[in-house]
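Structure file coords09.txt (compact mmCIF, C-alpha atoms) follows.
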```txt
# COMPACT_ATOMS: atom_id res chain seq x y z
CA MET A 1 125.93 59.56 -33.64
CA PRO A 2 125.75 62.96 -35.33
CA LEU A 3 122.47 63.75 -36.99
CA PRO A 4 122.88 65.52 -40.34
CA PHE A 5 119.84 67.77 -39.92
CA LEU A 6 121.43 69.29 -36.82
CA THR A 7 124.54 70.30 -38.75
CA ALA A 8 122.82 72.15 -41.59
CA ASP A 9 123.49 75.64 -40.21
CA ARG A 10 126.44 74.98 -37.89
CA ALA A 11 129.03 72.36 -37.17
CA PHE A 12 127.88 69.60 -34.82
CA ASP A 13 131.01 69.65 -32.68
CA ALA A 14 131.30 73.45 -32.65
CA ASP A 15 131.31 75.38 -29.41
CA GLU A 16 127.88 76.84 -28.66
CA ASP A 17 129.38 80.17 -27.59
CA ILE A 18 131.00 81.04 -30.91
CA ALA A 19 130.44 84.55 -32.14
CA LEU A 20 127.78 85.06 -34.77
CA PRO A 21 128.88 85.97 -38.29
CA PHE A 22 127.90 89.34 -39.72
CA ALA A 23 127.37 89.23 -43.46
CA ASP A 24 125.47 92.50 -43.82
CA HIS A 25 126.70 95.37 -41.65
CA ASP A 26 123.66 97.50 -42.53
CA GLN A 27 121.22 95.28 -40.62
CA TRP A 28 120.85 95.48 -36.86
CA ARG A 29 122.53 92.48 -35.25
CA ARG A 30 123.09 91.37 -31.70
CA PRO A 31 126.83 90.59 -31.45
CA TYR A 32 126.22 87.76 -28.96
CA ARG A 33 123.76 84.99 -28.30
CA PRO A 34 121.00 85.56 -25.74
CA GLY A 35 121.94 84.01 -22.42
CA PRO A 36 120.30 81.03 -20.75
CA TRP A 37 118.70 83.15 -18.03
CA ARG A 38 116.99 85.40 -20.58
CA VAL A 39 115.84 82.47 -22.72
CA GLY A 40 114.70 80.50 -19.68
CA LEU A 41 112.66 83.43 -18.36
CA ALA A 42 111.01 83.90 -21.74
CA ALA A 43 110.29 80.17 -22.01
CA LEU A 44 108.64 80.14 -18.59
CA ALA A 45 106.57 83.20 -19.51
CA LEU A 46 105.43 81.52 -22.73
CA LEU A 47 104.56 78.38 -20.76
CA LEU A 48 102.48 80.51 -18.39
CA ALA A 49 100.84 82.17 -21.41
CA SER A 50 99.84 78.77 -22.79
CA PHE A 51 98.06 77.92 -19.52
CA VAL A 52 96.35 81.30 -19.49
CA LEU A 53 95.22 80.75 -23.09
CA LEU A 54 93.86 77.34 -22.13
CA ALA A 55 91.97 78.98 -19.27
CA ALA A 56 90.61 81.57 -21.70
CA VAL A 57 89.30 78.82 -23.98
CA ILE A 58 87.65 77.09 -21.02
CA ILE A 59 86.09 80.38 -19.88
CA ALA A 60 84.83 81.04 -23.41
CA ALA A 61 83.35 77.52 -23.62
CA ALA A 62 81.62 78.09 -20.28
CA GLY A 63 79.77 81.03 -21.83
CA ALA A 64 81.47 84.06 -20.26
CA PRO A 65 82.74 86.10 -23.22
CA GLY A 66 83.80 89.09 -21.10
CA GLY A 67 86.01 86.99 -18.87
CA ALA A 68 87.39 85.10 -21.87
CA LEU A 69 88.38 88.36 -23.62
CA LEU A 70 90.04 89.64 -20.48
CA THR A 71 91.96 86.37 -20.10
CA PHE A 72 92.97 86.39 -23.79
CA GLY A 73 94.22 89.96 -23.31
CA PHE A 74 96.25 88.93 -20.27
CA ALA A 75 97.81 86.07 -22.25
CA ALA A 76 98.67 88.48 -25.06
CA VAL A 77 100.41 90.79 -22.59
CA ILE A 78 102.46 87.83 -21.28
CA VAL A 79 103.47 86.83 -24.83
CA VAL A 80 104.47 90.38 -25.74
CA ALA A 81 106.50 90.69 -22.53
CA ALA A 82 108.30 87.40 -23.26
CA LEU A 83 109.15 88.50 -26.80
CA ARG A 84 110.36 91.88 -25.59
CA THR A 85 112.53 90.14 -22.99
CA LEU A 86 114.17 88.15 -25.77
CA ARG A 87 114.77 91.31 -27.80
CA MET A 88 116.51 93.18 -24.95
CA GLY A 89 120.22 93.85 -25.27
CA VAL A 90 122.72 95.67 -27.45
CA TRP A 91 122.36 95.70 -31.23
CA VAL A 92 124.93 97.08 -33.66
CA SER A 93 125.00 98.06 -37.31
CA ARG A 94 126.88 100.42 -39.56
CA ALA A 95 124.40 103.14 -38.51
CA GLY A 96 125.19 102.97 -34.80
CA LEU A 97 124.47 101.23 -31.55
CA ARG A 98 120.98 100.40 -30.33
CA HIS A 99 120.35 99.70 -26.64
CA VAL A 100 117.05 97.86 -26.22
CA ARG A 101 115.58 97.80 -22.71
CA PHE A 102 112.21 96.43 -21.64
CA PHE A 103 110.26 99.66 -22.05
CA THR A 104 112.61 101.86 -24.09
CA THR A 105 114.98 101.67 -27.02
CA SER A 106 117.70 104.22 -27.67
CA THR A 107 119.81 104.46 -30.79
CA LEU A 108 123.09 106.34 -30.93
CA PRO A 109 124.98 106.91 -34.18
CA TRP A 110 128.63 105.90 -33.98
CA HIS A 111 129.85 109.45 -34.57
CA GLN A 112 128.14 110.58 -31.34
CA ALA A 113 130.03 108.02 -29.24
CA ASN A 114 133.38 109.00 -27.77
CA GLY A 115 134.20 105.41 -26.95
CA VAL A 116 133.16 102.04 -25.67
CA ARG A 117 135.21 100.39 -22.95
CA THR A 118 135.04 97.72 -20.28
CA VAL A 119 135.29 98.92 -16.67
CA GLN A 120 135.23 97.34 -13.23
CA GLN A 121 132.32 98.70 -11.20
CA PRO A 122 129.39 97.61 -9.06
CA VAL A 123 126.78 96.07 -11.38
CA ARG A 124 123.24 94.88 -10.83
CA TRP A 125 122.80 91.13 -10.49
CA LEU A 126 120.23 89.93 -13.07
CA GLY A 127 118.80 93.44 -13.20
CA LEU A 128 117.70 93.28 -9.56
CA PRO A 129 118.48 96.02 -7.02
CA ARG A 130 121.29 93.92 -5.48
CA THR A 131 124.71 95.00 -6.75
CA VAL A 132 127.90 92.98 -6.95
CA GLN A 133 131.39 93.83 -8.14
CA GLY A 134 131.71 93.04 -11.83
CA GLN A 135 132.52 94.28 -15.28
CA ALA A 136 130.41 96.54 -17.43
CA LEU A 137 130.68 97.59 -21.05
CA VAL A 138 130.26 101.36 -20.89
CA LEU A 139 129.41 103.72 -23.74
CA VAL A 140 130.80 107.24 -23.35
CA ARG A 141 128.75 109.84 -25.20
CA GLN A 142 130.18 113.11 -26.53
CA ASN A 143 128.63 115.06 -23.65
CA GLY A 144 130.57 112.87 -21.17
CA GLU A 145 127.59 110.80 -20.05
CA GLN A 146 128.37 107.12 -19.46
CA VAL A 147 125.80 104.44 -20.19
CA ALA A 148 126.29 100.83 -19.08
CA LEU A 149 125.37 98.66 -22.05
CA LEU A 150 126.21 95.15 -20.84
CA THR A 151 127.34 93.66 -17.56
CA ASP A 152 128.87 90.31 -16.76
CA HIS A 153 126.03 89.70 -14.26
CA ASN A 154 123.02 90.36 -16.49
CA ALA A 155 120.67 87.71 -17.91
CA ASP A 156 122.86 87.18 -20.97
CA PHE A 157 126.25 86.72 -19.31
CA LEU A 158 125.76 85.42 -15.76
CA SER A 159 128.34 82.60 -15.36
CA ARG A 160 129.52 83.15 -18.96
CA VAL A 161 132.60 85.33 -18.55
CA GLU A 162 134.13 84.32 -21.90
CA ALA A 163 130.92 85.22 -23.72
CA PHE A 164 130.88 88.64 -22.03
CA ASP A 165 134.51 89.29 -23.00
CA ARG A 166 133.82 88.26 -26.60
CA ALA A 167 130.67 90.43 -26.80
CA ALA A 168 132.48 93.43 -25.27
CA ASP A 169 135.37 93.01 -27.70
CA THR A 170 132.96 92.79 -30.63
CA VAL A 171 131.08 95.97 -29.66
CA GLU A 172 134.40 97.76 -29.10
CA ALA A 173 135.55 96.60 -32.55
CA TRP A 174 132.36 97.91 -34.17
CA ASN A 175 132.93 101.22 -32.39
CA ALA A 176 136.57 101.39 -33.52
CA GLU A 177 135.60 100.61 -37.10
CA TYR A 178 132.65 102.94 -37.52
CA ALA A 179 133.29 105.74 -35.00
CA GLY A 180 136.64 106.38 -36.66
CA ALA A 181 134.89 106.94 -40.01
CA ARG A 182 133.29 110.21 -38.88
```
Here is a file; write its structure as structure tokens.
Amino acid sequence: MPLPFLTADRAFDADEDIALPFADHDQWRRPYRPGPWRVGLAALALLLASFVLLAAVIIAAAGAPGGALLTFGFAAVIVVAALRTLRMGVWVSRAGLRHVRFFTTSTLPWHQANGVRTVQQPVRWLGLPRTVQGQALVLVRQNGEQVALLTDHNADFLSRVEAFDRAADTVEAWNAEYAGAR
């Protein structure tokens, strides 16, 4: 029984891994959906933050304002970390490519990129030190430096090979469209 309120912004029977539409190429967009590992990690962090906030309220009610402020601050750090985890990834616009990591964000205009391609190489599994053989979407800068943007074993694409291929093709298409307009 399809529910009409679920189909307001997308088709009910549509595949969940369909690529997102891009109406305005001047806004920064992620050309793929965040993966279940990334969303699950953020959800668990927000769940932990809710318990820490509850503890802060209990500490404040007990009459220890210093401890309550410290606990509120810790909960705020957890919430900010969860939101930053959700924001991590590759974002594209007409202006260039933005690579958002946990602590840093780097933006590269399209005209400074020599190319974007998919290569087979050892990649980190879920960002941990362990490496496995996989695919990586690599950005080649004009100075020859190569930067791995996405891998098929990161938190967005682990066990989602088709989604990685679609995201890599989309970023390569953005590069072909806008890097050629130098």
Between range 17-108 of chain A and range 155-172 of chain A, at 9 Å or less, what are the per-residue closest atom pairs and their distances in Å? Count all atoms listed in the file, order by chain and rising residue number, and return it as a tab-separated table.
```
residue	atom	partner	partner_atom	distance
A:Asp17	CA	A:Ala163	CA	6.5
A:Ile18	CA	A:Ala163	CA	8.3
A:Ala19	CA	A:Arg166	CA	7.5
A:Pro31	CA	A:Ala167	CA	6.0
A:Tyr32	CA	A:Ala167	CA	5.6
A:Arg33	CA	A:Asp156	CA	7.7
A:Pro34	CA	A:Asp156	CA	5.4
A:Gly35	CA	A:Asp156	CA	3.6
A:Pro36	CA	A:Asp156	CA	6.7
A:Trp37	CA	A:Ala155	CA	5.0
A:Arg38	CA	A:Ala155	CA	5.1
A:Val39	CA	A:Ala155	CA	8.6
A:Gly89	CA	A:Asp156	CA	8.4
A:Val90	CA	A:Val171	CA	8.7
A:Trp91	CA	A:Val171	CA	8.9
A:Val92	CA	A:Val171	CA	7.4
A:Leu97	CA	A:Val171	CA	8.7
```
- So how many Å separate CA of Ala42 in chain A and CA of Thr131 in chain A, to one decimal?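 If I compute the distance from CA of Ala42 in chain A to CA of Thr131 in chain A, I get 23.1 Å.
Across the structure, CA of Arg124 in chain A and CA of Ala45 in chain A are spaced 22.1 Å apart.
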- Message: Rounded to one decimal, what separation in Å do you get between CA of Val116 in chain A and CA of Arg30 in chain A?
- Response: 15.9 Å
Using the file's own x, y and z axes, so that the box edges lie along x, y and z, what centre and edge lengths in Å (one decimal) does a box around every listed atom of range 89-102 of chain A get when 5 Å is added on each side? Give it as lines of an AutoDock Vina configuration file.
```
center_x = 119.5
center_y = 98.5
center_z = -30.6
size_x = 24.7
size_y = 19.3
size_z = 27.9
```
- Counting all atoms listed in the file, what is within 12 Å of Ala43 in chain A, bar same-chain residues fewer than 2 positions away, as an MDAnalysis selection string? chainID A and resid 36:41 45:50 78:79 81:83 85:86
- Task: Determine the nearest neighbour of Gln112 in chain A from the options A:Ala68, A:Ala179, A:Ala61, A:Ala55, counting only C-alpha atoms.
- Result: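 Ranking A:Ala68, A:Ala179, A:Ala61, A:Ala55 by distance to Gln112 in chain A, first place goes to A:Ala179.
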- Query: Any idea what's packed within 10 Å of Ala113 in chain A, counting only C-alpha atoms, ignoring anything in its chain fewer than 6 positions away? Could you give it as number ranges by chain?
  - Reply: A: 96-97, 139-146, 175, 179
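Considering the residues A:Trp28, A:Trp125, A:Phe51, A:Phe72 and counting only C-alpha atoms, Arg98 in chain A has its shortest atom-to-atom contact with A:Trp28.
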- Would you be able to write out as a ChimeraX atom specification which residues have an atom within 10 Å of (133.1, 103.4, -38.0) in the file's coordinates, counting only C-alpha atoms? /A:93-96,109-111,173-182
- Item | Test item: residues at most 7 Å from Thr118 in chain A, all atoms listed in the file, excluding those fewer than 5 positions along its chain, as a VMD selection string | chain A and resid 135 to 138
- If you count all atoms listed in the file, which residues fall within 12 Å of Val132 in chain A, apart from same-chain ones fewer than 5 positions away, as number ranges by chain? A: 120-127, 151-154, 158
Residue rebuild result range 24-48 of chain A, N, CA and C atoms as an mmCIF file, in the coordinates of the input:
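Below you can see out32.cif, which holds the result:
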```cif
data_model
loop_
_atom_site.group_PDB
_atom_site.id
_atom_site.type_symbol
_atom_site.label_atom_id
_atom_site.label_comp_id
_atom_site.auth_asym_id
_atom_site.auth_seq_id
_atom_site.Cartn_x
_atom_site.Cartn_y
_atom_site.Cartn_z
ATOM 1 N N ASP A 24 125.941 91.188 -43.396
ATOM 2 C CA ASP A 24 125.470 92.500 -43.820
ATOM 3 C C ASP A 24 125.582 93.475 -42.646
ATOM 4 N N HIS A 25 126.483 94.425 -42.749
ATOM 5 C CA HIS A 25 126.700 95.370 -41.650
ATOM 6 C C HIS A 25 125.639 96.465 -41.597
ATOM 7 N N ASP A 26 124.714 96.496 -42.549
ATOM 8 C CA ASP A 26 123.660 97.500 -42.530
ATOM 9 C C ASP A 26 122.439 97.050 -41.733
ATOM 10 N N GLN A 27 122.342 95.784 -41.416
ATOM 11 C CA GLN A 27 121.220 95.280 -40.620
ATOM 12 C C GLN A 27 121.600 95.271 -39.146
ATOM 13 N N TRP A 28 120.609 95.510 -38.304
ATOM 14 C CA TRP A 28 120.850 95.480 -36.860
ATOM 15 C C TRP A 28 121.062 94.057 -36.425
ATOM 16 N N ARG A 29 122.166 93.818 -35.726
ATOM 17 C CA ARG A 29 122.530 92.480 -35.250
ATOM 18 C C ARG A 29 122.928 92.552 -33.789
ATOM 19 N N ARG A 30 122.613 91.493 -33.075
ATOM 20 C CA ARG A 30 123.090 91.370 -31.700
ATOM 21 C C ARG A 30 124.435 90.635 -31.790
ATOM 22 N N PRO A 31 125.516 91.218 -31.279
ATOM 23 C CA PRO A 31 126.830 90.590 -31.450
ATOM 24 C C PRO A 31 127.109 89.444 -30.480
ATOM 25 N N TYR A 32 126.071 88.878 -29.893
ATOM 26 C CA TYR A 32 126.220 87.760 -28.960
ATOM 27 C C TYR A 32 124.903 86.993 -28.936
ATOM 28 N N ARG A 33 124.974 85.799 -28.425
ATOM 29 C CA ARG A 33 123.760 84.990 -28.300
ATOM 30 C C ARG A 33 123.039 85.343 -26.995
ATOM 31 N N PRO A 34 121.713 85.315 -26.998
ATOM 32 C CA PRO A 34 121.000 85.560 -25.740
ATOM 33 C C PRO A 34 121.385 84.495 -24.709
ATOM 34 N N GLY A 35 121.489 84.913 -23.472
ATOM 35 C CA GLY A 35 121.940 84.010 -22.420
ATOM 36 C C GLY A 35 120.857 83.060 -21.940
ATOM 37 N N PRO A 36 121.260 82.031 -21.215
ATOM 38 C CA PRO A 36 120.300 81.030 -20.750
ATOM 39 C C PRO A 36 119.282 81.577 -19.757
ATOM 40 N N TRP A 37 119.661 82.573 -18.967
ATOM 41 C CA TRP A 37 118.700 83.150 -18.030
ATOM 42 C C TRP A 37 117.604 83.897 -18.772
ATOM 43 N N ARG A 38 117.974 84.643 -19.798
ATOM 44 C CA ARG A 38 116.990 85.400 -20.580
ATOM 45 C C ARG A 38 116.065 84.445 -21.337
ATOM 46 N N VAL A 39 116.636 83.431 -21.961
ATOM 47 C CA VAL A 39 115.840 82.470 -22.720
ATOM 48 C C VAL A 39 114.953 81.657 -21.795
ATOM 49 N N GLY A 40 115.490 81.265 -20.644
ATOM 50 C CA GLY A 40 114.700 80.500 -19.680
ATOM 51 C C GLY A 40 113.521 81.295 -19.140
ATOM 52 N N LEU A 41 113.746 82.567 -18.838
ATOM 53 C CA LEU A 41 112.660 83.430 -18.360
ATOM 54 C C LEU A 41 111.572 83.571 -19.423
ATOM 55 N N ALA A 42 111.986 83.771 -20.665
ATOM 56 C CA ALA A 42 111.010 83.900 -21.740
ATOM 57 C C ALA A 42 110.251 82.590 -21.957
ATOM 58 N N ALA A 43 110.950 81.466 -21.844
ATOM 59 C CA ALA A 43 110.290 80.170 -22.010
ATOM 60 C C ALA A 43 109.258 79.934 -20.915
ATOM 61 N N LEU A 44 109.610 80.288 -19.680
ATOM 62 C CA LEU A 44 108.640 80.140 -18.590
ATOM 63 C C LEU A 44 107.441 81.065 -18.772
ATOM 64 N N ALA A 45 107.685 82.269 -19.262
ATOM 65 C CA ALA A 45 106.570 83.200 -19.510
ATOM 66 C C ALA A 45 105.663 82.664 -20.619
ATOM 67 N N LEU A 46 106.251 82.090 -21.662
ATOM 68 C CA LEU A 46 105.430 81.520 -22.730
ATOM 69 C C LEU A 46 104.668 80.285 -22.260
ATOM 70 N N LEU A 47 105.269 79.518 -21.348
ATOM 71 C CA LEU A 47 104.560 78.380 -20.760
ATOM 72 C C LEU A 47 103.365 78.866 -19.942
ATOM 73 N N LEU A 48 103.577 79.923 -19.147
ATOM 74 C CA LEU A 48 102.480 80.510 -18.390
ATOM 75 C C LEU A 48 101.385 81.027 -19.338
#
```
